[in-house]
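Coordinates from data-v3.cif are shown below (mmCIF, C-alpha atoms).
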data_my_file
loop_
_atom_site.label_atom_id
_atom_site.label_comp_id
_atom_site.auth_asym_id
_atom_site.auth_seq_id
_atom_site.Cartn_x
_atom_site.Cartn_y
_atom_site.Cartn_z
CA MET A 1 10.98 9.97 25.64
CA ALA A 2 11.16 6.48 24.17
CA THR A 3 8.34 7.27 21.74
CA LEU A 4 9.93 10.54 20.73
CA GLU A 5 13.27 8.86 20.18
CA ALA A 6 11.70 6.13 18.09
CA ILE A 7 9.85 8.66 15.90
CA ALA A 8 13.07 10.62 15.49
CA VAL A 9 14.95 7.48 14.43
CA LEU A 10 12.26 6.58 11.87
CA LEU A 11 12.33 10.12 10.46
CA VAL A 12 16.13 10.16 10.35
CA PHE A 13 16.20 6.90 8.38
CA GLN A 14 13.52 8.16 6.01
CA THR A 15 15.50 11.37 5.52
CA VAL A 16 18.72 9.46 4.84
CA GLY A 17 16.79 7.22 2.41
CA GLU A 18 15.37 10.23 0.55
CA ALA A 19 18.72 12.02 0.64
CA LEU A 20 20.41 9.05 -1.05
CA SER A 21 17.58 8.14 -3.42
CA TYR A 22 16.81 11.55 -4.88
CA PRO A 23 20.22 12.97 -5.91
CA LEU A 24 21.55 9.57 -7.03
CA LYS A 25 18.34 9.09 -9.08
CA LEU A 26 17.91 5.61 -7.61
CA PRO A 27 14.63 3.95 -8.54
CA VAL A 28 14.42 2.78 -4.91
CA PRO A 29 11.92 5.01 -3.08
CA GLY A 30 13.43 6.87 -0.10
CA PRO A 31 11.31 5.23 2.64
CA VAL A 32 12.08 1.74 1.27
CA LEU A 33 15.79 2.54 1.30
CA GLY A 34 15.38 3.89 4.85
CA MET A 35 13.68 0.65 5.90
CA THR A 36 16.54 -1.40 4.40
CA LEU A 37 19.18 0.71 6.15
CA LEU A 38 17.34 0.47 9.48
CA LEU A 39 17.10 -3.32 9.10
CA GLY A 40 20.84 -3.33 8.47
CA LEU A 41 21.46 -1.33 11.65
CA MET A 42 19.27 -3.71 13.66
CA LEU A 43 21.20 -6.73 12.40
CA VAL A 44 24.47 -5.09 13.46
CA ARG A 45 23.14 -3.71 16.76
CA PRO A 46 20.18 -5.79 17.99
CA ALA A 47 19.82 -3.52 21.05
CA THR A 48 18.13 -0.89 18.85
CA VAL A 49 15.19 -3.19 18.05
CA GLU A 50 13.57 -3.14 21.48
CA ARG A 51 13.80 0.64 21.69
CA LEU A 52 11.96 1.05 18.40
CA ARG A 53 9.50 -1.82 18.76
CA PRO A 54 6.56 -0.27 20.71
CA THR A 55 6.31 2.87 18.56
CA SER A 56 6.88 1.05 15.27
CA LEU A 57 4.23 -1.59 15.95
CA GLU A 58 1.79 1.09 17.12
CA LEU A 59 2.31 3.00 13.86
CA LEU A 60 1.85 -0.18 11.80
CA LYS A 61 -1.30 -1.13 13.70
CA HIS A 62 -2.97 1.90 12.13
CA LEU A 63 -1.48 1.49 8.68
CA SER A 64 -4.94 1.51 7.01
CA LEU A 65 -5.69 4.97 8.42
CA LEU A 66 -2.75 6.40 6.49
CA PHE A 67 -4.37 5.47 3.16
CA VAL A 68 -7.58 7.38 3.84
CA PRO A 69 -6.52 10.89 2.65
CA ALA A 70 -5.35 9.55 -0.74
CA GLY A 71 -8.51 7.45 -1.03
CA VAL A 72 -10.73 10.50 -0.59
CA GLY A 73 -9.12 11.72 -3.85
CA VAL A 74 -11.64 9.47 -5.59
CA MET A 75 -13.93 12.53 -5.61
CA LEU A 76 -11.64 14.19 -8.18
CA HIS A 77 -12.08 11.33 -10.64
CA VAL A 78 -15.76 10.52 -10.46
CA ALA A 79 -16.35 11.38 -14.15
CA ARG A 80 -13.47 9.28 -15.51
CA ILE A 81 -14.29 6.31 -13.30
CA GLY A 82 -17.94 6.61 -14.35
CA ASN A 83 -16.96 6.53 -18.04
CA GLU A 84 -14.45 3.73 -17.76
CA TRP A 85 -15.89 1.75 -14.87
CA LEU A 86 -15.98 -1.59 -16.68
CA PRO A 87 -12.29 -1.83 -17.65
CA ILE A 88 -11.27 -0.38 -14.28
CA VAL A 89 -13.35 -2.72 -12.12
CA VAL A 90 -12.58 -5.88 -14.10
CA SER A 91 -8.89 -5.06 -14.40
CA LEU A 92 -8.48 -4.30 -10.67
CA LEU A 93 -10.38 -7.41 -9.59
CA VAL A 94 -8.82 -9.93 -11.96
CA SER A 95 -5.28 -8.59 -11.86
CA THR A 96 -5.24 -8.41 -8.04
CA ALA A 97 -6.50 -12.00 -7.84
CA LEU A 98 -3.93 -13.14 -10.43
CA ALA A 99 -1.08 -11.36 -8.64
CA ILE A 100 -2.00 -12.98 -5.30
CA ALA A 101 -2.38 -16.43 -6.87
CA VAL A 102 0.80 -16.30 -8.98
CA THR A 103 2.95 -14.98 -6.10
CA ALA A 104 1.63 -17.51 -3.59
CA LEU A 105 1.98 -20.44 -6.01
CA VAL A 106 5.50 -19.53 -7.13
CA VAL A 107 6.66 -19.06 -3.51
CA THR A 108 5.07 -22.36 -2.43
CA TRP A 109 6.29 -24.39 -5.41
CA THR A 110 9.86 -23.15 -5.21
CA ALA A 111 9.95 -23.55 -1.40
CA ARG A 112 8.69 -27.13 -1.76
CA ARG A 113 11.21 -27.79 -4.46
CA PHE A 114 13.90 -26.59 -2.06
CA ALA A 115 12.71 -28.74 0.77
CA LEU A 116 12.95 -31.71 -1.64
CA ASP A 117 16.48 -30.75 -2.65
CA ASP A 118 17.39 -30.43 1.03
CA THR A 119 16.21 -33.91 1.92
CA GLU A 120 17.90 -35.45 -1.12
CA ALA A 121 21.23 -33.78 -0.36
CA MET B 1 -20.74 39.45 21.05
CA THR B 2 -20.63 35.86 19.82
CA PRO B 3 -19.37 35.27 16.29
CA ARG B 4 -21.90 33.83 13.86
CA LEU B 5 -21.79 30.13 13.20
CA ASP B 6 -20.98 30.48 9.50
CA SER B 7 -18.00 32.70 10.21
CA ILE B 8 -16.64 30.07 12.61
CA TRP B 9 -17.11 27.52 9.80
CA VAL B 10 -15.29 29.73 7.30
CA TYR B 11 -12.43 30.15 9.78
CA LEU B 12 -12.20 26.44 10.62
CA ALA B 13 -12.52 25.28 7.03
CA ALA B 14 -9.48 27.38 6.12
CA THR B 15 -7.22 25.74 8.72
CA PRO B 16 -5.71 22.25 8.44
CA LEU B 17 -7.47 21.35 11.69
CA LEU B 18 -10.76 20.31 10.14
CA GLY B 19 -9.39 17.93 7.51
CA LEU B 20 -7.17 16.23 10.08
CA THR B 21 -9.89 15.92 12.71
CA ALA B 22 -12.45 14.66 10.21
CA THR B 23 -10.00 12.00 8.94
CA LEU B 24 -9.32 10.63 12.43
CA LEU B 25 -12.99 10.68 13.45
CA ALA B 26 -14.12 9.02 10.20
CA TYR B 27 -11.49 6.31 10.63
CA ILE B 28 -12.44 5.65 14.27
CA VAL B 29 -16.10 5.27 13.26
CA ALA B 30 -15.11 3.06 10.31
CA PHE B 31 -12.89 0.88 12.50
CA ARG B 32 -15.71 0.44 15.05
CA ILE B 33 -17.99 -0.74 12.24
CA TYR B 34 -15.27 -3.11 11.03
CA GLN B 35 -14.85 -4.54 14.56
CA ARG B 36 -18.63 -4.87 15.01
CA SER B 37 -18.76 -6.86 11.77
CA GLY B 38 -16.30 -9.34 13.28
CA MET B 39 -13.44 -7.98 11.10
CA ASN B 40 -15.34 -8.88 7.93
CA PRO B 41 -13.07 -7.80 5.04
CA LEU B 42 -16.12 -6.44 3.20
CA ALA B 43 -16.42 -3.82 5.95
CA ASN B 44 -12.94 -2.52 5.07
CA PRO B 45 -12.23 0.47 7.32
CA VAL B 46 -10.49 2.45 4.55
CA ALA B 47 -13.52 2.10 2.28
CA ILE B 48 -15.96 3.13 4.99
CA ALA B 49 -13.83 6.10 6.10
CA VAL B 50 -13.48 7.27 2.47
CA ILE B 51 -17.24 7.03 1.90
CA LEU B 52 -17.94 9.00 5.10
CA LEU B 53 -15.43 11.72 4.20
CA VAL B 54 -16.45 12.07 0.55
CA THR B 55 -20.09 12.39 1.67
CA LEU B 56 -19.08 15.06 4.18
CA LEU B 57 -16.99 17.01 1.66
CA VAL B 58 -19.64 16.87 -1.06
CA LEU B 59 -22.44 17.90 1.31
CA SER B 60 -20.41 20.80 2.73
CA GLY B 61 -19.09 21.82 -0.70
CA THR B 62 -15.47 21.51 0.46
CA PRO B 63 -12.87 21.03 -2.30
CA TYR B 64 -10.51 18.05 -1.99
CA GLN B 65 -7.48 20.34 -1.86
CA THR B 66 -8.83 22.13 1.24
CA TYR B 67 -9.43 18.78 2.90
CA PHE B 68 -5.99 17.47 1.93
CA ASP B 69 -4.26 20.53 3.42
CA GLY B 70 -5.23 19.04 6.78
CA ALA B 71 -5.20 15.35 5.93
CA GLN B 72 -1.68 15.53 4.49
CA PHE B 73 -0.30 15.12 8.02
CA VAL B 74 -1.83 11.64 8.13
CA HIS B 75 -0.74 10.94 4.53
CA PHE B 76 2.81 11.97 5.46
CA LEU B 77 3.06 9.20 8.07
CA LEU B 78 3.13 6.59 5.27
CA GLY B 79 6.86 7.34 4.98
CA PRO B 80 7.86 6.68 8.63
CA ALA B 81 5.45 3.70 8.69
CA THR B 82 7.32 2.17 5.75
CA VAL B 83 10.61 2.62 7.63
CA ALA B 84 8.98 1.05 10.73
CA LEU B 85 8.43 -2.17 8.75
CA ALA B 86 12.09 -2.90 9.55
CA VAL B 87 10.97 -4.06 13.04
CA PRO B 88 8.61 -6.92 12.05
CA LEU B 89 11.09 -7.83 9.30
CA TYR B 90 13.90 -8.11 11.83
CA ASP B 91 11.73 -10.49 13.84
CA GLN B 92 11.38 -12.73 10.78
CA ARG B 93 15.07 -12.63 9.84
CA ALA B 94 15.63 -16.39 10.25
CA ARG B 95 12.70 -17.31 8.02
CA LEU B 96 13.69 -14.58 5.63
CA ALA B 97 17.22 -15.93 5.26
CA ARG B 98 15.84 -19.40 4.59
CA LEU B 99 13.15 -18.36 2.10
CA TRP B 100 14.94 -15.65 0.14
CA LEU B 101 15.00 -17.50 -3.18
CA PRO B 102 11.32 -18.56 -3.32
CA LEU B 103 10.38 -15.06 -2.17
CA THR B 104 12.51 -13.41 -4.86
CA LEU B 105 11.01 -15.59 -7.59
CA GLY B 106 7.48 -15.05 -6.28
CA LEU B 107 8.08 -11.31 -6.15
CA GLY B 108 9.26 -11.10 -9.76
CA ALA B 109 6.39 -13.23 -11.03
CA GLY B 110 3.85 -11.33 -8.95
CA VAL B 111 4.97 -7.85 -10.00
CA VAL B 112 5.04 -8.70 -13.72
CA THR B 113 1.61 -10.39 -13.41
CA ALA B 114 0.14 -7.38 -11.58
CA ILE B 115 1.32 -4.85 -14.18
CA GLY B 116 0.80 -7.00 -17.28
CA SER B 117 -2.64 -8.33 -16.42
CA ALA B 118 -3.95 -4.95 -15.25
CA LEU B 119 -2.87 -3.26 -18.50
CA GLY B 120 -3.96 -6.15 -20.74
CA ILE B 121 -7.43 -6.48 -19.26
CA ALA B 122 -8.13 -2.75 -19.07
CA TRP B 123 -6.91 -2.30 -22.66
CA ALA B 124 -9.08 -5.17 -23.94
CA LEU B 125 -12.11 -3.54 -22.32
CA GLY B 126 -11.35 -0.15 -23.88
CA ALA B 127 -9.67 1.93 -21.18
CA SER B 128 -8.03 5.20 -22.23
CA ARG B 129 -4.26 5.62 -22.42
CA GLU B 130 -4.12 7.79 -19.28
CA THR B 131 -6.16 5.27 -17.32
CA LEU B 132 -3.87 2.46 -18.49
CA LEU B 133 -0.72 4.27 -17.41
CA SER B 134 -2.33 5.20 -14.09
CA LEU B 135 -3.24 1.53 -13.50
CA ALA B 136 0.30 0.20 -13.94
CA PRO B 137 1.66 0.91 -10.42
CA LYS B 138 -1.63 0.04 -8.64
CA SER B 139 -0.10 -2.74 -6.47
CA VAL B 140 2.46 -0.37 -4.95
CA THR B 141 1.92 1.59 -1.74
CA THR B 142 0.36 5.04 -2.34
CA PRO B 143 3.17 7.64 -2.20
CA ILE B 144 5.52 5.49 -4.27
CA ALA B 145 2.83 4.51 -6.77
CA MET B 146 2.03 8.20 -7.27
CA GLY B 147 5.69 8.89 -8.01
CA ILE B 148 5.84 6.06 -10.55
CA ALA B 149 2.62 7.24 -12.23
CA GLU B 150 4.04 10.70 -12.63
CA LYS B 151 7.21 9.28 -14.19
CA ILE B 152 5.39 7.17 -16.80
CA GLY B 153 2.73 9.72 -17.77
CA GLY B 154 -0.24 8.58 -15.70
CA LEU B 155 -2.33 10.76 -13.37
CA PRO B 156 -0.89 10.47 -9.82
CA SER B 157 -4.15 11.24 -8.03
CA LEU B 158 -6.01 8.67 -10.17
CA THR B 159 -3.29 6.14 -9.38
CA ALA B 160 -3.85 6.81 -5.67
CA VAL B 161 -7.49 5.82 -6.10
CA PHE B 162 -6.55 2.64 -8.00
CA VAL B 163 -4.03 1.80 -5.29
CA ILE B 164 -6.70 2.06 -2.58
CA LEU B 165 -9.22 0.04 -4.62
CA THR B 166 -6.57 -2.62 -5.29
CA GLY B 167 -5.69 -2.79 -1.59
CA MET B 168 -9.33 -3.23 -0.61
CA THR B 169 -9.87 -5.85 -3.31
CA GLY B 170 -6.83 -7.78 -2.13
CA ALA B 171 -7.89 -7.58 1.52
CA ILE B 172 -11.33 -8.95 0.59
CA ILE B 173 -10.40 -11.76 -1.81
CA ALA B 174 -7.09 -12.96 -0.32
CA ARG B 175 -8.42 -15.37 2.26
CA PRO B 176 -10.95 -17.28 0.09
CA LEU B 177 -8.54 -17.29 -2.86
CA LEU B 178 -5.55 -18.57 -0.87
CA ASN B 179 -7.73 -21.17 0.85
CA ALA B 180 -8.97 -22.38 -2.53
CA LEU B 181 -5.36 -22.67 -3.72
CA ARG B 182 -4.50 -24.55 -0.49
CA ILE B 183 -1.67 -22.26 0.49
CA ASP B 184 -1.32 -22.65 4.25
CA SER B 185 2.08 -21.16 5.01
CA HIS B 186 1.58 -17.80 6.69
CA ALA B 187 4.82 -16.61 5.10
CA ALA B 188 3.61 -17.38 1.53
CA ARG B 189 0.10 -16.04 2.22
CA GLY B 190 1.38 -12.80 3.71
CA PHE B 191 3.95 -12.33 0.96
CA ALA B 192 1.35 -12.78 -1.80
CA VAL B 193 -1.02 -10.29 -0.16
CA GLY B 194 1.79 -7.75 0.21
CA VAL B 195 2.87 -8.10 -3.44
CA ALA B 196 -0.67 -7.64 -4.78
CA ALA B 197 -2.26 -5.37 -2.20
CA HIS B 198 0.54 -3.33 -0.50
CA GLY B 199 -0.22 -1.61 2.82
CA ILE B 200 -3.96 -2.25 2.98
CA GLY B 201 -3.30 -5.95 2.45
CA THR B 202 -0.48 -5.72 5.00
CA ALA B 203 -2.77 -4.09 7.57
CA ARG B 204 -5.22 -6.95 7.05
CA ALA B 205 -2.40 -9.53 7.32
CA PHE B 206 -1.18 -8.07 10.63
CA GLN B 207 -4.67 -8.62 12.03
CA ILE B 208 -4.33 -12.33 11.26
CA SER B 209 -0.78 -12.95 12.52
CA GLU B 210 2.47 -11.06 13.16
CA GLN B 211 4.28 -13.46 10.86
CA MET B 212 1.84 -12.93 8.00
CA GLY B 213 2.02 -9.18 8.55
CA ALA B 214 5.81 -9.18 8.51
CA PHE B 215 5.96 -11.04 5.20
CA ALA B 216 3.25 -8.82 3.74
CA GLY B 217 5.21 -5.77 4.86
CA LEU B 218 8.39 -7.16 3.32
CA ALA B 219 6.54 -7.85 0.08
CA MET B 220 5.08 -4.35 0.10
CA GLY B 221 8.55 -2.81 0.38
CA LEU B 222 10.09 -5.08 -2.24
CA THR B 223 7.17 -4.64 -4.65
CA ALA B 224 7.61 -0.88 -4.45
CA LEU B 225 11.29 -1.36 -5.20
CA VAL B 226 10.87 -3.78 -8.10
CA THR B 227 7.90 -1.95 -9.63
CA ALA B 228 9.88 1.30 -9.48
CA PHE B 229 12.47 -0.47 -11.68
CA ILE B 230 10.12 -2.40 -13.98
CA ALA B 231 7.09 -0.15 -14.51
CA PRO B 232 8.91 2.76 -16.19
CA TRP B 233 10.01 0.55 -19.08
CA MET B 234 7.30 -2.12 -19.04
CA ALA B 235 4.16 0.06 -18.83
CA PRO B 236 4.79 2.66 -21.56
CA SER B 237 6.11 0.08 -24.04
CA LEU B 238 3.18 -2.23 -23.34
CA VAL B 239 0.71 0.62 -23.73
CA SER B 240 2.29 1.79 -27.02
CA LEU B 241 2.24 -1.79 -28.24
CA LEU B 242 -1.44 -2.22 -27.38
CA SER B 243 -2.77 1.17 -28.45
CA PRO B 244 -0.28 2.77 -30.86
#

Can you dump the structure from the file as structure tokens?
Amino acid sequence: MATLEAIAVLLVFQTVGEALSYPLKLPVPGPVLGMTLLLGLMLVRPATVERLRPTSLELLKHLSLLFVPAGVGVMLHVARIGNEWLPIVVSLLVSTALAIAVTALVVTWTARRFALDDTEA
Amino acid sequence: MTPRLDSIWVYLAATPLLGLTATLLAYIVAFRIYQRSGMNPLANPVAIAVILLVTLLVLSGTPYQTYFDGAQFVHFLLGPATVALAVPLYDQRARLARLWLPLTLGLGAGVVTAIGSALGIAWALGASRETLLSLAPKSVTTPIAMGIAEKIGGLPSLTAVFVILTGMTGAIIARPLLNALRIDSHAARGFAVGVAAHGIGTARAFQISEQMGAFAGLAMGLTALVTAFIAPWMAPSLVSLLSP
């Protein structure tokens, strides 16, 4: 029952997220809104966390699996990717590396800057 | 009288059963290979599963749509899985409250870098307009990236492919890159991987530590949110500017 309940709760929060996001034309995707609302509920009622934990972590353990069906869609775009492989490959590689580096450096620098401010205060 | 083998095939191929079963089996095989390799990021389970399935579909002459009719049940779970990220996030609430400002700044910088550099580089190397627009949301988790692509005039199914390729790239290069930059905080490492490489990066981060996974998951959610705001005005204007 616990698993069923947890799945139902996740689906309810996704539904609420979608139900708010779509008609209000929010740029926030429904599942992200659902995640935020669920986090809010957990902060107010910590008892809910333990009931959701096993199922949620099990689902997240297999997160990569969920990307497979969309990935197989590569077979629809073989011609385009063949024609434009150079810009696609270079752009994906370099921009992913840049995004990782910039994010990590900005987070680290600003966090360090804060730690400094903390000790000086 | 036993039915002929090809009629069984025709029957099975028309139900969602085959696409679903094939997806799970291909992933289990791919994950075994990944484990055998000692979790080497080059043996990314998504990549291996996709290669196995595409080979199977091409050899059997099955159209993608037929396959997806079954596989959509797996695809659908991306929604509940995103909601489930609330649990690891809750566990990191103390760190989250302390680090919210560095994380917010890192997020903004990372999202703008991901969109801007992807478009700039692909444009400089001669990519078409449709490819450019489909590249813009590539750092966002699949279903949301597809929605953004549709909004800005890209091809959603092409975006899905770019999203997967980006995730695999991030999962492969993150560790050596972050080591070279001497970033040792698991929070900063996870967050950067989540911003650049969404759920596939997050899956990889969870294998390293719960804390890294939680921050990657947080970044994945926030990146989807921020990109959904920024991409619709940034990508088309940048593309018109570059290739009028």

*Write out as a VMD selection string every residue belonging to chain A that has an atom at most 7 Å from any atom of chain B, counting all atoms listed in the file.*
chain A and resid 10 to 11 14 27 to 29 31 to 32 34 to 36 38 to 39 49 53 56 59 to 61 63 to 75 77 84 87 to 88 91 to 93 95 to 96 98 to 100 102 to 104 106 to 108 110 to 111

_Coordinates-based distance that separates CA of Arg129 (chain B) from CA of Ser237 (chain B) (Å, one decimal)_ = 11.9 Å

*Can you tell me how far CA of Ala14 (chain B) sits from CA of Leu76 (chain A), in Å to one decimal?*
19.6 Å

_Atom-to-atom span, CA of Arg80 (chain A) and CA of Glu130 (chain B), Å_ = 10.2 Å

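Applying the 10 Å criterion to (17.9, 1.8, 20.9) in file coordinates and using all atoms listed in the file, one obtains the residues Ala2, Glu5, Ala6, Val9, Met42, Arg45, Pro46, Ala47, Thr48, Val49, Glu50, Arg51, Leu52 and Arg53 of chain A.
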
Given the selection you just returned, output its residues as a file containing C-alpha atoms, formatted as an mmCIF file, in the coordinates of the input.
data_model
loop_
_atom_site.group_PDB
_atom_site.id
_atom_site.type_symbol
_atom_site.label_atom_id
_atom_site.label_comp_id
_atom_site.auth_asym_id
_atom_site.auth_seq_id
_atom_site.Cartn_x
_atom_site.Cartn_y
_atom_site.Cartn_z
ATOM 1 C CA ALA A 2 11.160 6.480 24.170
ATOM 2 C CA GLU A 5 13.270 8.860 20.180
ATOM 3 C CA ALA A 6 11.700 6.130 18.090
ATOM 4 C CA VAL A 9 14.950 7.480 14.430
ATOM 5 C CA MET A 42 19.270 -3.710 13.660
ATOM 6 C CA ARG A 45 23.140 -3.710 16.760
ATOM 7 C CA PRO A 46 20.180 -5.790 17.990
ATOM 8 C CA ALA A 47 19.820 -3.520 21.050
ATOM 9 C CA THR A 48 18.130 -0.890 18.850
ATOM 10 C CA VAL A 49 15.190 -3.190 18.050
ATOM 11 C CA GLU A 50 13.570 -3.140 21.480
ATOM 12 C CA ARG A 51 13.800 0.640 21.690
ATOM 13 C CA LEU A 52 11.960 1.050 18.400
ATOM 14 C CA ARG A 53 9.500 -1.820 18.760
#

Please export region 40-68 of chain A as an mmCIF file, in the first residue's frame, restricted to N, CA and C atoms.
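Output saved as decode-v9.cif:
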data_model
loop_
_atom_site.group_PDB
_atom_site.id
_atom_site.type_symbol
_atom_site.label_atom_id
_atom_site.label_comp_id
_atom_site.auth_asym_id
_atom_site.auth_seq_id
_atom_site.Cartn_x
_atom_site.Cartn_y
_atom_site.Cartn_z
ATOM 1 N N GLY A 40 7.105 22.091 -0.389
ATOM 2 C CA GLY A 40 6.419 22.963 0.569
ATOM 3 C C GLY A 40 5.633 22.154 1.589
ATOM 4 N N LEU A 41 4.894 21.149 1.117
ATOM 5 C CA LEU A 41 4.117 20.299 2.023
ATOM 6 C C LEU A 41 5.035 19.590 3.019
ATOM 7 N N MET A 42 6.181 19.098 2.512
ATOM 8 C CA MET A 42 7.108 18.372 3.385
ATOM 9 C C MET A 42 7.668 19.284 4.473
ATOM 10 N N LEU A 43 7.923 20.534 4.125
ATOM 11 C CA LEU A 43 8.465 21.468 5.116
ATOM 12 C C LEU A 43 7.432 21.744 6.203
ATOM 13 N N VAL A 44 6.142 21.777 5.794
ATOM 14 C CA VAL A 44 5.079 22.033 6.768
ATOM 15 C C VAL A 44 4.773 20.775 7.577
ATOM 16 N N ARG A 45 4.747 19.618 6.880
ATOM 17 C CA ARG A 45 4.431 18.358 7.558
ATOM 18 C C ARG A 45 5.512 17.320 7.291
ATOM 19 N N PRO A 46 6.591 17.344 8.083
ATOM 20 C CA PRO A 46 7.724 16.444 7.839
ATOM 21 C C PRO A 46 7.342 14.960 7.880
ATOM 22 N N ALA A 47 6.213 14.616 8.469
ATOM 23 C CA ALA A 47 5.811 13.201 8.543
ATOM 24 C C ALA A 47 5.609 12.607 7.149
ATOM 25 N N THR A 48 5.264 13.436 6.169
ATOM 26 C CA THR A 48 5.002 12.913 4.823
ATOM 27 C C THR A 48 6.274 12.392 4.156
ATOM 28 N N VAL A 49 7.435 12.923 4.557
ATOM 29 C CA VAL A 49 8.678 12.580 3.857
ATOM 30 C C VAL A 49 8.950 11.082 3.902
ATOM 31 N N GLU A 50 8.870 10.511 5.123
ATOM 32 C CA GLU A 50 9.242 9.099 5.262
ATOM 33 C C GLU A 50 8.292 8.187 4.495
ATOM 34 N N ARG A 51 7.049 8.607 4.344
ATOM 35 C CA ARG A 51 6.095 7.774 3.606
ATOM 36 C C ARG A 51 6.396 7.790 2.114
ATOM 37 N N LEU A 52 6.972 8.866 1.636
ATOM 38 C CA LEU A 52 7.246 8.967 0.199
ATOM 39 C C LEU A 52 8.650 8.504 -0.157
ATOM 40 N N ARG A 53 9.541 8.464 0.851
ATOM 41 C CA ARG A 53 10.958 8.257 0.560
ATOM 42 C C ARG A 53 11.275 6.990 -0.238
ATOM 43 N N PRO A 54 10.844 5.780 0.212
ATOM 44 C CA PRO A 54 11.292 4.572 -0.511
ATOM 45 C C PRO A 54 10.910 4.602 -1.989
ATOM 46 N N THR A 55 9.661 4.932 -2.276
ATOM 47 C CA THR A 55 9.203 4.915 -3.674
ATOM 48 C C THR A 55 9.898 5.997 -4.492
ATOM 49 N N SER A 56 10.033 7.194 -3.913
ATOM 50 C CA SER A 56 10.657 8.291 -4.655
ATOM 51 C C SER A 56 12.097 7.970 -5.007
ATOM 52 N N LEU A 57 12.844 7.444 -4.028
ATOM 53 C CA LEU A 57 14.256 7.157 -4.293
ATOM 54 C C LEU A 57 14.395 6.016 -5.291
ATOM 55 N N GLU A 58 13.467 5.049 -5.239
ATOM 56 C CA GLU A 58 13.491 3.941 -6.193
ATOM 57 C C GLU A 58 13.282 4.465 -7.626
ATOM 58 N N LEU A 59 12.327 5.383 -7.748
ATOM 59 C CA LEU A 59 12.030 5.975 -9.062
ATOM 60 C C LEU A 59 13.250 6.755 -9.572
ATOM 61 N N LEU A 60 13.898 7.498 -8.673
ATOM 62 C CA LEU A 60 15.033 8.322 -9.081
ATOM 63 C C LEU A 60 16.268 7.479 -9.391
ATOM 64 N N LYS A 61 16.341 6.295 -8.780
ATOM 65 C CA LYS A 61 17.480 5.415 -9.033
ATOM 66 C C LYS A 61 17.507 5.015 -10.505
ATOM 67 N N HIS A 62 16.334 4.952 -11.119
ATOM 68 C CA HIS A 62 16.270 4.536 -12.526
ATOM 69 C C HIS A 62 15.939 5.701 -13.448
ATOM 70 N N LEU A 63 16.365 6.884 -13.043
ATOM 71 C CA LEU A 63 16.075 8.083 -13.825
ATOM 72 C C LEU A 63 16.585 7.966 -15.267
ATOM 73 N N SER A 64 17.777 7.372 -15.457
ATOM 74 C CA SER A 64 18.322 7.280 -16.828
ATOM 75 C C SER A 64 17.407 6.495 -17.754
ATOM 76 N N LEU A 65 16.792 5.444 -17.217
ATOM 77 C CA LEU A 65 15.895 4.608 -18.039
ATOM 78 C C LEU A 65 14.830 5.467 -18.707
ATOM 79 N N LEU A 66 14.338 6.475 -17.977
ATOM 80 C CA LEU A 66 13.202 7.256 -18.468
ATOM 81 C C LEU A 66 13.548 8.100 -19.698
ATOM 82 N N PHE A 67 14.864 8.276 -19.957
ATOM 83 C CA PHE A 67 15.276 9.073 -21.110
ATOM 84 C C PHE A 67 15.435 8.230 -22.377
ATOM 85 N N VAL A 68 15.361 6.904 -22.209
ATOM 86 C CA VAL A 68 15.629 6.032 -23.358
ATOM 87 C C VAL A 68 14.619 6.220 -24.505
#
